Amino acid sequence: MAQMLNQRGLRTRQGAEFQSSNIKRIIQHEGYTGYIITKAARSEFMPQLQIIDEALFAKVNEMIGKRSRKAQKDKNAAQKSGNPTLLAGIVVCAHCVAKMSAFLHTDRYKLADGSIREKVQAKYNCYQRGQHLRECDGQALYLAERVDRIVVAYADELFRKIKSEPYDKSIEQRIRQQDAEHNRQKQAAEKKIRAAQYKQKRYEDEVLKCLEGESAFSQEVLARLITQAEAEVRQAKDEYASMLQNNDDRTTVQQIRSYYDEFLGWANEFSLATVERKRAILAQLFEKVEIGKGYKITIHVRGTYRQFLMGGDPHGEL
């Protein structure tokens, strides 16, 4: 990738050629998933800054971790099974809302005979709390196995529901109603733009009459009216553009069916899937998993799939 960028004549911010280390830093920079990140703070999620979705970011960095000799040496207990955790990239601290990292932690116990026993366990870590980067009254570490077991049980229940309940045609009906409403709003917005533009042109045409002394308006009044009309045109166009942007995020009937089939496919394969595959499925199904003191867990199902769980709890608290 570095060679490709250099061949295209692109350079780093410092004007130097790209090296593999530059590419790795870009790929591992969490800011591209929609956050402003500094040494001392982390912003809330800002969709307008997101270049890569978090599931893809987690998957790519998982691949990097597997390829790193140092990571393999540091995580020797996980070499046979790869990364044992299931929620990398979507688990957050419920107390400070910071993303949590997963790593292998060595616990040491002193036995009765004075010898030291070591036990390596995967844990989720609130980095912000551990480094005192922000106020956080939650736990620093949570056993990943315990958290994952709770989340998997919740996912299994969702998959049981999706397999037992038929596809709901009313979802498609709601989408069609939303389409009709959107078209009505679009026509109203276009009409508002035309009305504002007509008003602006009428005042501008009046300027010539004013210069010839044939207008009922003074120059000062006309100038004020034209300025107001220009502002109305801008506002109407901004509202129209915002509406079109929101329209880009709307779900179509075809997409709804595709999401349902995808959800049902996960339900059929999840129990027998590999750890890596389960991790990918959970990252797409859940927006985030919040962990609080005492292992109080809140699971946020992505809205795309939440609509298929009529009567279910979209934010499972366990």
# chains A, B, ... in the order shown; residues from 1 in each chain; ligands from 1
$ select_by_dssp --residues "range 136-300 of chain A" --states "helix (DSSP H, G or I)" --output "ChimeraX atom specification"
/A:144-164,169-211,219-248,253-272,275-285,293-295
$ select_by_dssp --residues "range 49-267 of chain A" --states "strand (DSSP E)" --output "CSV table (one decimal) with C-alpha atoms, in the first residue's frame"
chain,number,residue,atom,x,y,z
A,91,VAL,CA,-17.6,-2.9,24.3
A,92,VAL,CA,-17.7,0.4,26.3
A,93,CYS,CA,-17.5,1.4,29.9
A,101,SER,CA,-9.9,-2.8,25.1
A,102,ALA,CA,-9.4,-6.5,25.4
A,103,PHE,CA,-6.2,-8.1,26.4
A,104,LEU,CA,-4.8,-11.1,28.3
A,105,HIS,CA,-4.2,-10.4,32.0
A,106,THR,CA,-2.0,-12.5,34.3
A,107,ASP,CA,-3.4,-12.9,37.8
A,108,ARG,CA,-1.0,-14.1,40.5
A,109,TYR,CA,-2.1,-16.0,43.6
A,110,LYS,CA,-0.1,-17.0,46.6
A,116,ILE,CA,2.9,-18.4,43.3
A,117,ARG,CA,0.3,-19.6,40.9
A,118,GLU,CA,-0.3,-17.6,37.7
A,119,LYS,CA,-3.5,-17.7,35.7
A,120,VAL,CA,-3.9,-15.9,32.4
A,121,GLN,CA,-7.4,-14.7,31.6
A,122,ALA,CA,-8.8,-12.5,28.9
A,123,LYS,CA,-10.3,-9.2,30.3
A,124,TYR,CA,-11.9,-6.0,29.1
A,125,ASN,CA,-10.1,-3.0,30.3
A,141,LEU,CA,-11.2,-4.8,34.6
A,142,TYR,CA,-13.9,-7.2,33.7
A,143,LEU,CA,-13.5,-10.9,33.0
$ residues_around --residues "Tyr203 in chain A" --least-positions-apart "4" --cutoff "7 Å" --atoms "only C-alpha atoms" --output "list in words"
Lys199, Val207, Leu222, Leu225 and Ile226 of chain A
$ residues_around --residues "Leu244 in chain A" --least-positions-apart "6" --cutoff "12 Å" --atoms "only C-alpha atoms" --output "PyMOL selection string"
chain A and resi 182-183+185-187+189-190+237-238+250
$ residues_around --residues "range 279-282 of chain A" --least-positions-apart "4" --cutoff "12 Å" --atoms "only C-alpha atoms" --output "PyMOL selection string"
chain A and resi 54-60+62+82-91+148+151-156+158-159+262-271+273-275+286-289+299-302+305
$ write_last_selection --atoms "C-alpha atoms" --output "PDB file, in the first residue's frame"
ATOM      1  CA  GLU A  54     -16.324  -0.052  13.672  1.00  0.00           C
ATOM      2  CA  ALA A  55     -16.950  -3.683  12.727  1.00  0.00           C
ATOM      3  CA  LEU A  56     -14.518  -3.444   9.796  1.00  0.00           C
ATOM      4  CA  PHE A  57     -12.016  -1.521  11.955  1.00  0.00           C
ATOM      5  CA  ALA A  58     -12.134  -4.273  14.589  1.00  0.00           C
ATOM      6  CA  LYS A  59     -11.787  -7.028  11.999  1.00  0.00           C
ATOM      7  CA  VAL A  60      -8.772  -5.431  10.287  1.00  0.00           C
ATOM      8  CA  GLU A  62      -7.678  -8.312  14.631  1.00  0.00           C
ATOM      9  CA  GLY A  82      -6.671 -16.695  18.410  1.00  0.00           C
ATOM     10  CA  ASN A  83      -8.262 -13.750  20.205  1.00  0.00           C
ATOM     11  CA  PRO A  84     -10.638 -15.425  22.697  1.00  0.00           C
ATOM     12  CA  THR A  85     -12.866 -12.367  23.276  1.00  0.00           C
ATOM     13  CA  LEU A  86     -16.047 -11.720  21.307  1.00  0.00           C
ATOM     14  CA  LEU A  87     -16.767  -8.029  21.780  1.00  0.00           C
ATOM     15  CA  ALA A  88     -13.644  -6.227  20.584  1.00  0.00           C
ATOM     16  CA  GLY A  89     -14.618  -2.885  19.078  1.00  0.00           C
ATOM     17  CA  ILE A  90     -18.132  -2.641  20.527  1.00  0.00           C
ATOM     18  CA  VAL A  91     -17.644  -2.903  24.305  1.00  0.00           C
ATOM     19  CA  ASP A 148     -19.122 -12.744  26.649  1.00  0.00           C
ATOM     20  CA  VAL A 151     -23.950 -11.335  25.735  1.00  0.00           C
ATOM     21  CA  VAL A 152     -23.982 -14.648  23.842  1.00  0.00           C
ATOM     22  CA  ALA A 153     -26.986 -15.794  25.903  1.00  0.00           C
ATOM     23  CA  TYR A 154     -28.804 -12.584  24.920  1.00  0.00           C
ATOM     24  CA  ALA A 155     -27.845 -13.070  21.259  1.00  0.00           C
ATOM     25  CA  ASP A 156     -29.091 -16.663  21.389  1.00  0.00           C
ATOM     26  CA  LEU A 158     -32.664 -12.877  19.785  1.00  0.00           C
ATOM     27  CA  PHE A 159     -31.813 -15.595  17.288  1.00  0.00           C
ATOM     28  CA  GLU A 262     -29.015 -11.760   6.928  1.00  0.00           C
ATOM     29  CA  PHE A 263     -30.353 -11.794  10.497  1.00  0.00           C
ATOM     30  CA  LEU A 264     -31.990 -15.178   9.948  1.00  0.00           C
ATOM     31  CA  GLY A 265     -28.764 -16.511   8.427  1.00  0.00           C
ATOM     32  CA  TRP A 266     -26.815 -15.499  11.521  1.00  0.00           C
ATOM     33  CA  ALA A 267     -29.404 -17.217  13.701  1.00  0.00           C
ATOM     34  CA  ASN A 268     -28.929 -20.465  11.819  1.00  0.00           C
ATOM     35  CA  GLU A 269     -25.128 -20.445  11.881  1.00  0.00           C
ATOM     36  CA  PHE A 270     -24.221 -18.738  15.171  1.00  0.00           C
ATOM     37  CA  SER A 271     -24.147 -21.730  17.518  1.00  0.00           C
ATOM     38  CA  ALA A 273     -19.638 -20.601  14.150  1.00  0.00           C
ATOM     39  CA  THR A 274     -15.960 -20.078  14.976  1.00  0.00           C
ATOM     40  CA  VAL A 275     -14.904 -17.462  17.528  1.00  0.00           C
ATOM     41  CA  PHE A 286     -24.987  -4.905  18.272  1.00  0.00           C
ATOM     42  CA  GLU A 287     -24.217  -1.217  18.160  1.00  0.00           C
ATOM     43  CA  LYS A 288     -22.440  -1.393  21.512  1.00  0.00           C
ATOM     44  CA  VAL A 289     -22.283  -3.321  24.775  1.00  0.00           C
ATOM     45  CA  ILE A 299     -26.769  -4.369  25.018  1.00  0.00           C
ATOM     46  CA  HIS A 300     -27.799  -2.021  22.208  1.00  0.00           C
ATOM     47  CA  VAL A 301     -29.166  -3.795  19.132  1.00  0.00           C
ATOM     48  CA  ARG A 302     -28.597  -1.913  15.882  1.00  0.00           C
ATOM     49  CA  TYR A 305     -32.226  -5.421  13.105  1.00  0.00           C
TER      50      TYR A 305
END
$ closest_residue --among "A:Arg129, A:Gln255, A:Lys161, A:Ala229" --to "Arg202 in chain A" --atoms "only C-alpha atoms"
A:Ala229
$ residues_around --residues "Ser43 in chain A" --least-positions-apart "6" --cutoff "12 Å" --atoms "only C-alpha atoms" --output "JSON, numbers by chain"
{"A": [30, 31, 33, 34, 35, 36, 37, 49, 96, 97, 98, 99, 134]}
$ write_last_selection --atoms "all heavy atoms" --output "tab-separated table (two decimals), in the first residue's frame"
chain	number	residue	atom	x	y	z
A	30	GLU	N	-8.12	4.89	15.69
A	30	GLU	CA	-9.55	4.74	15.94
A	30	GLU	C	-10.34	5.99	15.55
A	30	GLU	O	-11.55	5.95	15.40
A	30	GLU	CB	-9.78	4.43	17.42
A	30	GLU	CG	-11.13	3.84	17.72
A	30	GLU	CD	-11.26	3.43	19.17
A	30	GLU	OE1	-10.26	3.51	19.91
A	30	GLU	OE2	-12.36	3.03	19.55
A	31	GLY	N	-9.64	7.10	15.35
A	31	GLY	CA	-10.32	8.33	14.97
A	31	GLY	C	-11.09	8.21	13.67
A	31	GLY	O	-12.08	8.90	13.46
A	33	THR	N	-13.01	5.96	12.83
A	33	THR	CA	-14.32	5.34	13.04
A	33	THR	C	-15.35	6.36	13.53
A	33	THR	O	-16.48	6.00	13.84
A	33	THR	CB	-14.22	4.19	14.06
A	33	THR	OG1	-13.76	4.70	15.32
A	33	THR	CG2	-13.28	3.11	13.57
A	34	GLY	N	-14.94	7.66	13.61
A	34	GLY	CA	-15.91	8.70	13.94
A	34	GLY	C	-15.71	9.39	15.27
A	34	GLY	O	-16.67	9.86	15.87
A	35	TYR	N	-14.45	9.49	15.71
A	35	TYR	CA	-14.18	10.14	16.99
A	35	TYR	C	-13.00	11.11	16.84
A	35	TYR	O	-12.11	10.90	16.01
A	35	TYR	CB	-13.82	9.12	18.07
A	35	TYR	CG	-14.90	8.11	18.35
A	35	TYR	CD1	-14.96	6.92	17.62
A	35	TYR	CD2	-15.88	8.34	19.32
A	35	TYR	CE1	-15.95	5.98	17.86
A	35	TYR	CE2	-16.87	7.40	19.56
A	35	TYR	CZ	-16.91	6.23	18.82
A	35	TYR	OH	-17.90	5.31	19.06
A	36	ILE	N	-13.01	12.15	17.65
A	36	ILE	CA	-11.83	13.00	17.79
A	36	ILE	C	-11.10	12.51	19.04
A	36	ILE	O	-11.65	12.51	20.13
A	36	ILE	CB	-12.21	14.49	17.95
A	36	ILE	CG1	-12.90	14.98	16.67
A	36	ILE	CG2	-10.98	15.32	18.26
A	36	ILE	CD1	-13.38	16.41	16.76
A	37	ILE	N	-9.86	12.08	18.86
A	37	ILE	CA	-9.12	11.44	19.95
A	37	ILE	C	-7.82	12.20	20.20
A	37	ILE	O	-7.04	12.44	19.27
A	37	ILE	CB	-8.80	9.97	19.62
A	37	ILE	CG1	-10.11	9.20	19.43
A	37	ILE	CG2	-7.97	9.33	20.71
A	37	ILE	CD1	-9.91	7.77	18.97
A	49	LEU	N	-17.64	12.31	10.78
A	49	LEU	CA	-16.19	12.05	10.72
A	49	LEU	C	-15.87	10.60	10.41
A	49	LEU	O	-14.71	10.25	10.20
A	49	LEU	CB	-15.54	12.42	12.07
A	49	LEU	CG	-15.63	13.88	12.51
A	49	LEU	CD1	-14.88	14.08	13.82
A	49	LEU	CD2	-15.06	14.81	11.44
A	96	CYS	N	-17.96	5.87	32.04
A	96	CYS	CA	-17.31	7.01	31.38
A	96	CYS	C	-17.50	6.98	29.87
A	96	CYS	O	-16.94	7.83	29.17
A	96	CYS	CB	-15.82	7.07	31.72
A	96	CYS	SG	-14.85	5.69	31.04
A	97	VAL	N	-18.27	6.00	29.37
A	97	VAL	CA	-18.62	5.81	27.96
A	97	VAL	C	-17.41	5.69	27.03
A	97	VAL	O	-17.52	5.89	25.83
A	97	VAL	CB	-19.58	6.91	27.44
A	97	VAL	CG1	-20.85	6.93	28.25
A	97	VAL	CG2	-18.92	8.28	27.43
A	98	ALA	N	-16.25	5.40	27.59
A	98	ALA	CA	-15.06	5.20	26.76
A	98	ALA	C	-15.04	3.77	26.24
A	98	ALA	O	-15.53	2.85	26.90
A	98	ALA	CB	-13.80	5.48	27.57
A	99	LYS	N	-14.46	3.59	25.07
A	99	LYS	CA	-14.31	2.25	24.54
A	99	LYS	C	-13.33	1.47	25.40
A	99	LYS	O	-12.35	2.00	25.89
A	99	LYS	CB	-13.81	2.31	23.10
A	99	LYS	CG	-14.91	2.46	22.09
A	99	LYS	CD	-14.47	1.91	20.75
A	99	LYS	CE	-15.66	1.83	19.83
A	99	LYS	NZ	-15.28	1.27	18.52
A	134	ARG	N	-9.76	10.28	32.41
A	134	ARG	CA	-11.05	10.94	32.64
A	134	ARG	C	-11.68	10.36	33.90
A	134	ARG	O	-11.27	9.31	34.38
A	134	ARG	CB	-11.99	10.77	31.44
A	134	ARG	CG	-12.46	9.35	31.23
A	134	ARG	CD	-13.58	9.26	30.19
A	134	ARG	NE	-13.12	9.64	28.87
A	134	ARG	CZ	-13.88	9.59	27.78
A	134	ARG	NH1	-15.14	9.21	27.89
A	134	ARG	NH2	-13.42	9.91	26.60
$ residues_around --residues "Phe18 in chain A" --least-positions-apart "2" --cutoff "9 Å" --atoms "only C-alpha atoms" --output "MDAnalysis selection string"
chainID A and resid 1:3 5:6 10:12 16 20:23
$ closest_residue --among "A:Arg13, A:Ile256, A:Lys191, A:Lys293" --to "Ala236 in chain A" --atoms "only C-alpha atoms"
A:Lys191
$ atom_distance --atom1 "CA of Arg277 in chain A" --atom2 "CA of Asn61 in chain A"
14.8 Å
$ atom_distance --atom1 "CA of Glu290 in chain A" --atom2 "CA of His95 in chain A"
8.7 Å
